[in-house]
Amino acid sequence: MLNESWLKQQRDEAAQWAFDLLQREFVIFDGETTGIDYDDEFVQLGAVDQTGTVLIDTLVRPQQRISPKAAAVHKLTNADLADAPGFPDVHAQLNLTLAGKLVIAYNADFDSRILWQTCSRYNLPHIHPDEWDCAMEHYAQFYGEWNRRHRNFRWKRLAEACVIEHIPVQDAHAAAGDCLLTLALIRKMAEARPNAS
């Protein structure tokens with residue numbers, strides 16, 4: 001049985017992280033993909049700033065087929081993307097949006113990996129944010145459900161986390177929509193910080 005005061009401390013730390021984050025400039029990034037393997041690539045890109053202003057919202061035409069599992073999640077098909085720009089066409093804008101910035105993602109390890117391998121696939125310069133941070137991991141700490149097997153806090157899917165926090169779920173599994181949901185979740189966490197007025 002976990003100590004309740006320790007769990008409260010963990011929740012308070014996650015809420016304080018969210019509050020402190022909102023005092024800074026940052027970019028929330030999300031991408032939908034052809035799959036989750038080490039040769040997959042983006043099919044949609046989204047980015048918003050800390051105010052909720054949409055910086056990028058575009059479909060991306062991939063070189064490969066979208067896996068059935070990925071299509072079942074984001075509902076995009078290769079036919080939907082036939083007239084979309086290719087990744088090389090959006091690379092410069094993406095670099096301008098992310099390079100040198102604090103980038104928040106809901107599952108930052110995944111999004112940063114897909115960004116790296118998509119740049120590699122097209123022999124384009126890698127995009128280097130100043131820092132990646134993972135809203136999913138901070139929310140897991142905030143929610144406080146312990147995963148005994150992995151000995152850490154259990155991750156929640158973004159839509160599930162939003163339902164738990166009574167955030168209306170719109171445009172889930174659309175890249176820009178997921179960015180805005182992530183921002184709403186961060187704001188909700190910040191409201192729970194210690195000594196909040």
# chains A, B, ... in the order shown; residues from 1 in each chain; ligands from 1

$ residues_around --residues "stretch 74-89 of chain A" --least-positions-apart "4" --cutoff "8 Å" --atoms "only C-alpha atoms" --output "PyMOL selection string"
chain A and resi 32+42-43+59-62+65-66+70+118+122+124+173-174

$ closest_residue --among "A:Val73, A:Ala159, A:Leu45, A:Ile104" --to "A:Asp133" --atoms "only C-alpha atoms"
A:Ile104

$ select_by_dssp --residues "stretch 14-105 of chain A" --states "helix (DSSP H, G or I)" --output "short mmCIF file (atom, residue, chain, number, x, y, z; two decimals) with N, CA and C atoms, in the first residue's frame"
data_model
loop_
_atom_site.label_atom_id
_atom_site.label_comp_id
_atom_site.auth_asym_id
_atom_site.auth_seq_id
_atom_site.Cartn_x
_atom_site.Cartn_y
_atom_site.Cartn_z
N ALA A 14 3.37 17.37 -9.70
CA ALA A 14 2.91 17.38 -11.09
C ALA A 14 2.07 18.63 -11.38
N ALA A 15 1.23 19.00 -10.43
CA ALA A 15 0.42 20.22 -10.61
C ALA A 15 1.31 21.46 -10.66
N GLN A 16 2.34 21.49 -9.83
CA GLN A 16 3.26 22.62 -9.84
C GLN A 16 4.04 22.67 -11.16
N TRP A 17 4.42 21.49 -11.68
CA TRP A 17 5.07 21.45 -13.00
C TRP A 17 4.19 22.11 -14.04
N ALA A 18 2.89 21.77 -14.04
CA ALA A 18 1.96 22.33 -15.03
C ALA A 18 1.84 23.85 -14.85
N PHE A 19 1.72 24.30 -13.62
CA PHE A 19 1.62 25.74 -13.36
C PHE A 19 2.87 26.47 -13.82
N ASP A 20 4.03 25.94 -13.46
CA ASP A 20 5.29 26.58 -13.86
C ASP A 20 5.44 26.58 -15.37
N LEU A 21 5.06 25.50 -16.01
CA LEU A 21 5.14 25.42 -17.47
C LEU A 21 4.34 26.53 -18.12
N PRO A 68 -3.16 -1.09 -40.79
CA PRO A 68 -4.57 -1.14 -40.41
C PRO A 68 -4.81 -0.69 -38.97
N LYS A 69 -3.90 -1.03 -38.06
CA LYS A 69 -4.08 -0.62 -36.65
C LYS A 69 -4.01 0.89 -36.51
N ALA A 70 -3.06 1.52 -37.21
CA ALA A 70 -2.94 2.98 -37.14
C ALA A 70 -4.16 3.65 -37.77
N ALA A 71 -4.60 3.13 -38.91
CA ALA A 71 -5.77 3.70 -39.59
C ALA A 71 -7.02 3.60 -38.72
N ALA A 72 -7.12 2.52 -37.94
CA ALA A 72 -8.27 2.35 -37.06
C ALA A 72 -8.30 3.42 -35.97
N VAL A 73 -7.13 3.94 -35.61
CA VAL A 73 -7.05 4.97 -34.58
C VAL A 73 -7.34 6.35 -35.15
N HIS A 74 -6.58 6.75 -36.20
CA HIS A 74 -6.73 8.13 -36.69
C HIS A 74 -7.66 8.26 -37.89
N PHE A 87 6.53 14.95 -46.50
CA PHE A 87 7.28 15.46 -45.34
C PHE A 87 8.35 16.47 -45.74
N PRO A 88 9.08 16.28 -46.86
CA PRO A 88 10.08 17.30 -47.24
C PRO A 88 9.45 18.68 -47.45
N ASP A 89 8.17 18.72 -47.86
CA ASP A 89 7.51 20.00 -48.11
C ASP A 89 7.17 20.75 -46.82
N VAL A 90 7.06 20.03 -45.71
CA VAL A 90 6.69 20.68 -44.44
C VAL A 90 7.86 20.73 -43.46
N HIS A 91 8.98 20.15 -43.84
CA HIS A 91 10.13 20.07 -42.93
C HIS A 91 10.58 21.44 -42.46
N ALA A 92 10.70 22.42 -43.37
CA ALA A 92 11.21 23.74 -42.99
C ALA A 92 10.29 24.41 -41.97
N GLN A 93 8.99 24.33 -42.19
CA GLN A 93 8.04 24.92 -41.25
C GLN A 93 8.11 24.22 -39.90
N LEU A 94 8.22 22.89 -39.93
CA LEU A 94 8.31 22.12 -38.68
C LEU A 94 9.59 22.47 -37.92
N ASN A 95 10.68 22.62 -38.65
CA ASN A 95 11.95 22.99 -38.02
C ASN A 95 11.83 24.38 -37.38
N LEU A 96 11.22 25.31 -38.07
CA LEU A 96 11.04 26.66 -37.54
C LEU A 96 10.17 26.64 -36.27
N THR A 97 9.22 25.74 -36.24
CA THR A 97 8.28 25.67 -35.11
C THR A 97 8.89 24.99 -33.89
N LEU A 98 9.74 23.97 -34.10
CA LEU A 98 10.21 23.15 -32.98
C LEU A 98 11.66 23.40 -32.58
#

$ atom_distance --atom1 "atom CA of A:Pro129" --atom2 "atom CA of A:Gly100"
4.5 Å

$ closest_residue --among "A:Leu55, A:Ala140, A:Ile167, A:Ala99" --to "A:His128" --atoms "only C-alpha atoms"
A:Ala99

$ closest_residue --among "A:Ile36, A:Ile114, A:Ile28, A:Gln64" --to "A:Cys134" --atoms "only C-alpha atoms"
A:Ile28

$ atom_distance --atom1 "atom CA of A:Tyr143" --atom2 "atom CA of A:Gln50"
22.3 Å

$ residues_around --residues "stretch 144-153 of chain A" --least-positions-apart "6" --cutoff "9 Å" --atoms "only C-alpha atoms" --output "short mmCIF file (atom, residue, chain, number, x, y, z; two decimals) with C-alpha atoms, in the first residue's frame"
data_model
loop_
_atom_site.label_atom_id
_atom_site.label_comp_id
_atom_site.auth_asym_id
_atom_site.auth_seq_id
_atom_site.Cartn_x
_atom_site.Cartn_y
_atom_site.Cartn_z
CA LEU A 2 1.45 3.35 -1.05
CA LEU A 7 0.98 10.23 -3.36
CA LYS A 8 -0.29 13.71 -2.49
CA GLN A 10 3.62 13.46 -6.20
CA ARG A 11 0.30 14.97 -7.32
CA GLU A 137 4.26 11.06 -17.66
#

$ select_by_dssp --residues "stretch 90-146 of chain A" --states "strand (DSSP E)" --output "list in words"
Leu102, Val103, Ile104, Ala105, Glu131, Trp132, Asp133, Cys134 and Trp146 of chain A

$ write_last_selection --atoms "C-alpha atoms" --output "PDB file, in the first residue's frame"
ATOM      1  CA  LEU A 102      10.699  23.560 -25.235  1.00  0.00           C
ATOM      2  CA  VAL A 103       8.476  20.930 -26.855  1.00  0.00           C
ATOM      3  CA  ILE A 104       5.755  19.140 -24.907  1.00  0.00           C
ATOM      4  CA  ALA A 105       4.187  15.963 -26.255  1.00  0.00           C
ATOM      5  CA  GLU A 131      14.118  20.150 -24.675  1.00  0.00           C
ATOM      6  CA  TRP A 132      11.384  17.509 -24.852  1.00  0.00           C
ATOM      7  CA  ASP A 133       9.017  16.986 -21.942  1.00  0.00           C
ATOM      8  CA  CYS A 134       6.245  14.419 -21.604  1.00  0.00           C
ATOM      9  CA  TRP A 146       0.635   2.934  -9.314  1.00  0.00           C
TER      10      TRP A 146
END

$ atom_distance --atom1 "atom CA of A:Thr33" --atom2 "atom CA of A:Pro168"
24.0 Å

$ closest_residue --among "A:Cys119, A:Lys156, A:Phe142, A:Ala175" --to "A:Lys188" --atoms "only C-alpha atoms"
A:Phe142

$ closest_residue --among "A:Met136, A:Ala192, A:Leu158, A:Ala108" --to "A:Leu180" --atoms "only C-alpha atoms"
A:Leu158

$ closest_residue --among "A:Cys162, A:His126, A:Gln170, A:Gln23" --to "A:Leu185" --atoms "only C-alpha atoms"
A:Cys162

$ decode --residues "stretch 3-63 of chain A" --atoms "C-alpha atoms" --output "PDB file, in the first residue's frame"
ATOM      1  CA  ASN A   3       1.756   6.124   1.480  1.00  0.00           C
ATOM      2  CA  GLU A   4      -1.072   8.644   0.952  1.00  0.00           C
ATOM      3  CA  SER A   5       1.080  11.625   1.880  1.00  0.00           C
ATOM      4  CA  TRP A   6       3.676  10.536  -0.687  1.00  0.00           C
ATOM      5  CA  LEU A   7       0.985  10.225  -3.364  1.00  0.00           C
ATOM      6  CA  LYS A   8      -0.285  13.712  -2.494  1.00  0.00           C
ATOM      7  CA  GLN A   9       3.254  15.046  -2.737  1.00  0.00           C
ATOM      8  CA  GLN A  10       3.616  13.463  -6.198  1.00  0.00           C
ATOM      9  CA  ARG A  11       0.298  14.972  -7.322  1.00  0.00           C
ATOM     10  CA  ASP A  12       1.277  18.383  -5.978  1.00  0.00           C
ATOM     11  CA  GLU A  13       4.631  18.218  -7.793  1.00  0.00           C
ATOM     12  CA  ALA A  14       2.908  17.382 -11.094  1.00  0.00           C
ATOM     13  CA  ALA A  15       0.416  20.216 -10.607  1.00  0.00           C
ATOM     14  CA  GLN A  16       3.265  22.622  -9.844  1.00  0.00           C
ATOM     15  CA  TRP A  17       5.074  21.445 -12.999  1.00  0.00           C
ATOM     16  CA  ALA A  18       1.962  22.330 -15.026  1.00  0.00           C
ATOM     17  CA  PHE A  19       1.619  25.740 -13.359  1.00  0.00           C
ATOM     18  CA  ASP A  20       5.291  26.578 -13.861  1.00  0.00           C
ATOM     19  CA  LEU A  21       5.140  25.417 -17.470  1.00  0.00           C
ATOM     20  CA  LEU A  22       2.280  27.806 -18.208  1.00  0.00           C
ATOM     21  CA  GLN A  23       4.493  30.727 -17.165  1.00  0.00           C
ATOM     22  CA  ARG A  24       6.884  29.910 -20.031  1.00  0.00           C
ATOM     23  CA  GLU A  25       6.828  29.783 -23.801  1.00  0.00           C
ATOM     24  CA  PHE A  26       6.535  26.279 -25.195  1.00  0.00           C
ATOM     25  CA  VAL A  27       5.165  24.301 -28.136  1.00  0.00           C
ATOM     26  CA  ILE A  28       2.909  21.266 -27.894  1.00  0.00           C
ATOM     27  CA  PHE A  29       3.560  18.821 -30.725  1.00  0.00           C
ATOM     28  CA  ASP A  30       1.677  15.766 -31.918  1.00  0.00           C
ATOM     29  CA  GLY A  31       1.848  13.553 -34.959  1.00  0.00           C
ATOM     30  CA  GLU A  32      -0.292  10.768 -36.337  1.00  0.00           C
ATOM     31  CA  THR A  33       1.704   8.020 -38.018  1.00  0.00           C
ATOM     32  CA  THR A  34       1.688   5.074 -40.418  1.00  0.00           C
ATOM     33  CA  GLY A  35       2.337   2.814 -37.414  1.00  0.00           C
ATOM     34  CA  ILE A  36       4.540   2.424 -34.364  1.00  0.00           C
ATOM     35  CA  ASP A  37       7.534   0.554 -35.787  1.00  0.00           C
ATOM     36  CA  TYR A  38      11.042   1.818 -36.433  1.00  0.00           C
ATOM     37  CA  ASP A  39      10.384   2.450 -40.136  1.00  0.00           C
ATOM     38  CA  ASP A  40       7.081   4.309 -39.710  1.00  0.00           C
ATOM     39  CA  GLU A  41       6.542   7.980 -40.472  1.00  0.00           C
ATOM     40  CA  PHE A  42       4.102  10.856 -40.004  1.00  0.00           C
ATOM     41  CA  VAL A  43       0.777  11.202 -41.808  1.00  0.00           C
ATOM     42  CA  GLN A  44      -0.416  14.274 -39.888  1.00  0.00           C
ATOM     43  CA  LEU A  45       1.338  16.981 -37.879  1.00  0.00           C
ATOM     44  CA  GLY A  46       0.023  19.417 -35.324  1.00  0.00           C
ATOM     45  CA  ALA A  47       1.601  22.041 -33.093  1.00  0.00           C
ATOM     46  CA  VAL A  48       0.185  24.745 -30.854  1.00  0.00           C
ATOM     47  CA  ASP A  49       1.845  27.332 -28.634  1.00  0.00           C
ATOM     48  CA  GLN A  50       1.188  27.949 -24.951  1.00  0.00           C
ATOM     49  CA  THR A  51      -1.770  30.227 -25.760  1.00  0.00           C
ATOM     50  CA  GLY A  52      -3.495  27.589 -27.886  1.00  0.00           C
ATOM     51  CA  THR A  53      -2.637  29.260 -31.184  1.00  0.00           C
ATOM     52  CA  VAL A  54      -2.352  26.583 -33.867  1.00  0.00           C
ATOM     53  CA  LEU A  55       1.089  26.750 -35.484  1.00  0.00           C
ATOM     54  CA  ILE A  56       0.876  23.648 -37.684  1.00  0.00           C
ATOM     55  CA  ASP A  57      -2.114  21.571 -38.763  1.00  0.00           C
ATOM     56  CA  THR A  58      -1.408  19.536 -41.866  1.00  0.00           C
ATOM     57  CA  LEU A  59      -1.822  16.125 -43.393  1.00  0.00           C
ATOM     58  CA  VAL A  60       1.381  14.531 -44.717  1.00  0.00           C
ATOM     59  CA  ARG A  61       1.615  12.099 -47.634  1.00  0.00           C
ATOM     60  CA  PRO A  62       3.778   9.129 -46.578  1.00  0.00           C
ATOM     61  CA  GLN A  63       5.940   6.914 -48.764  1.00  0.00           C
TER      62      GLN A  63
END
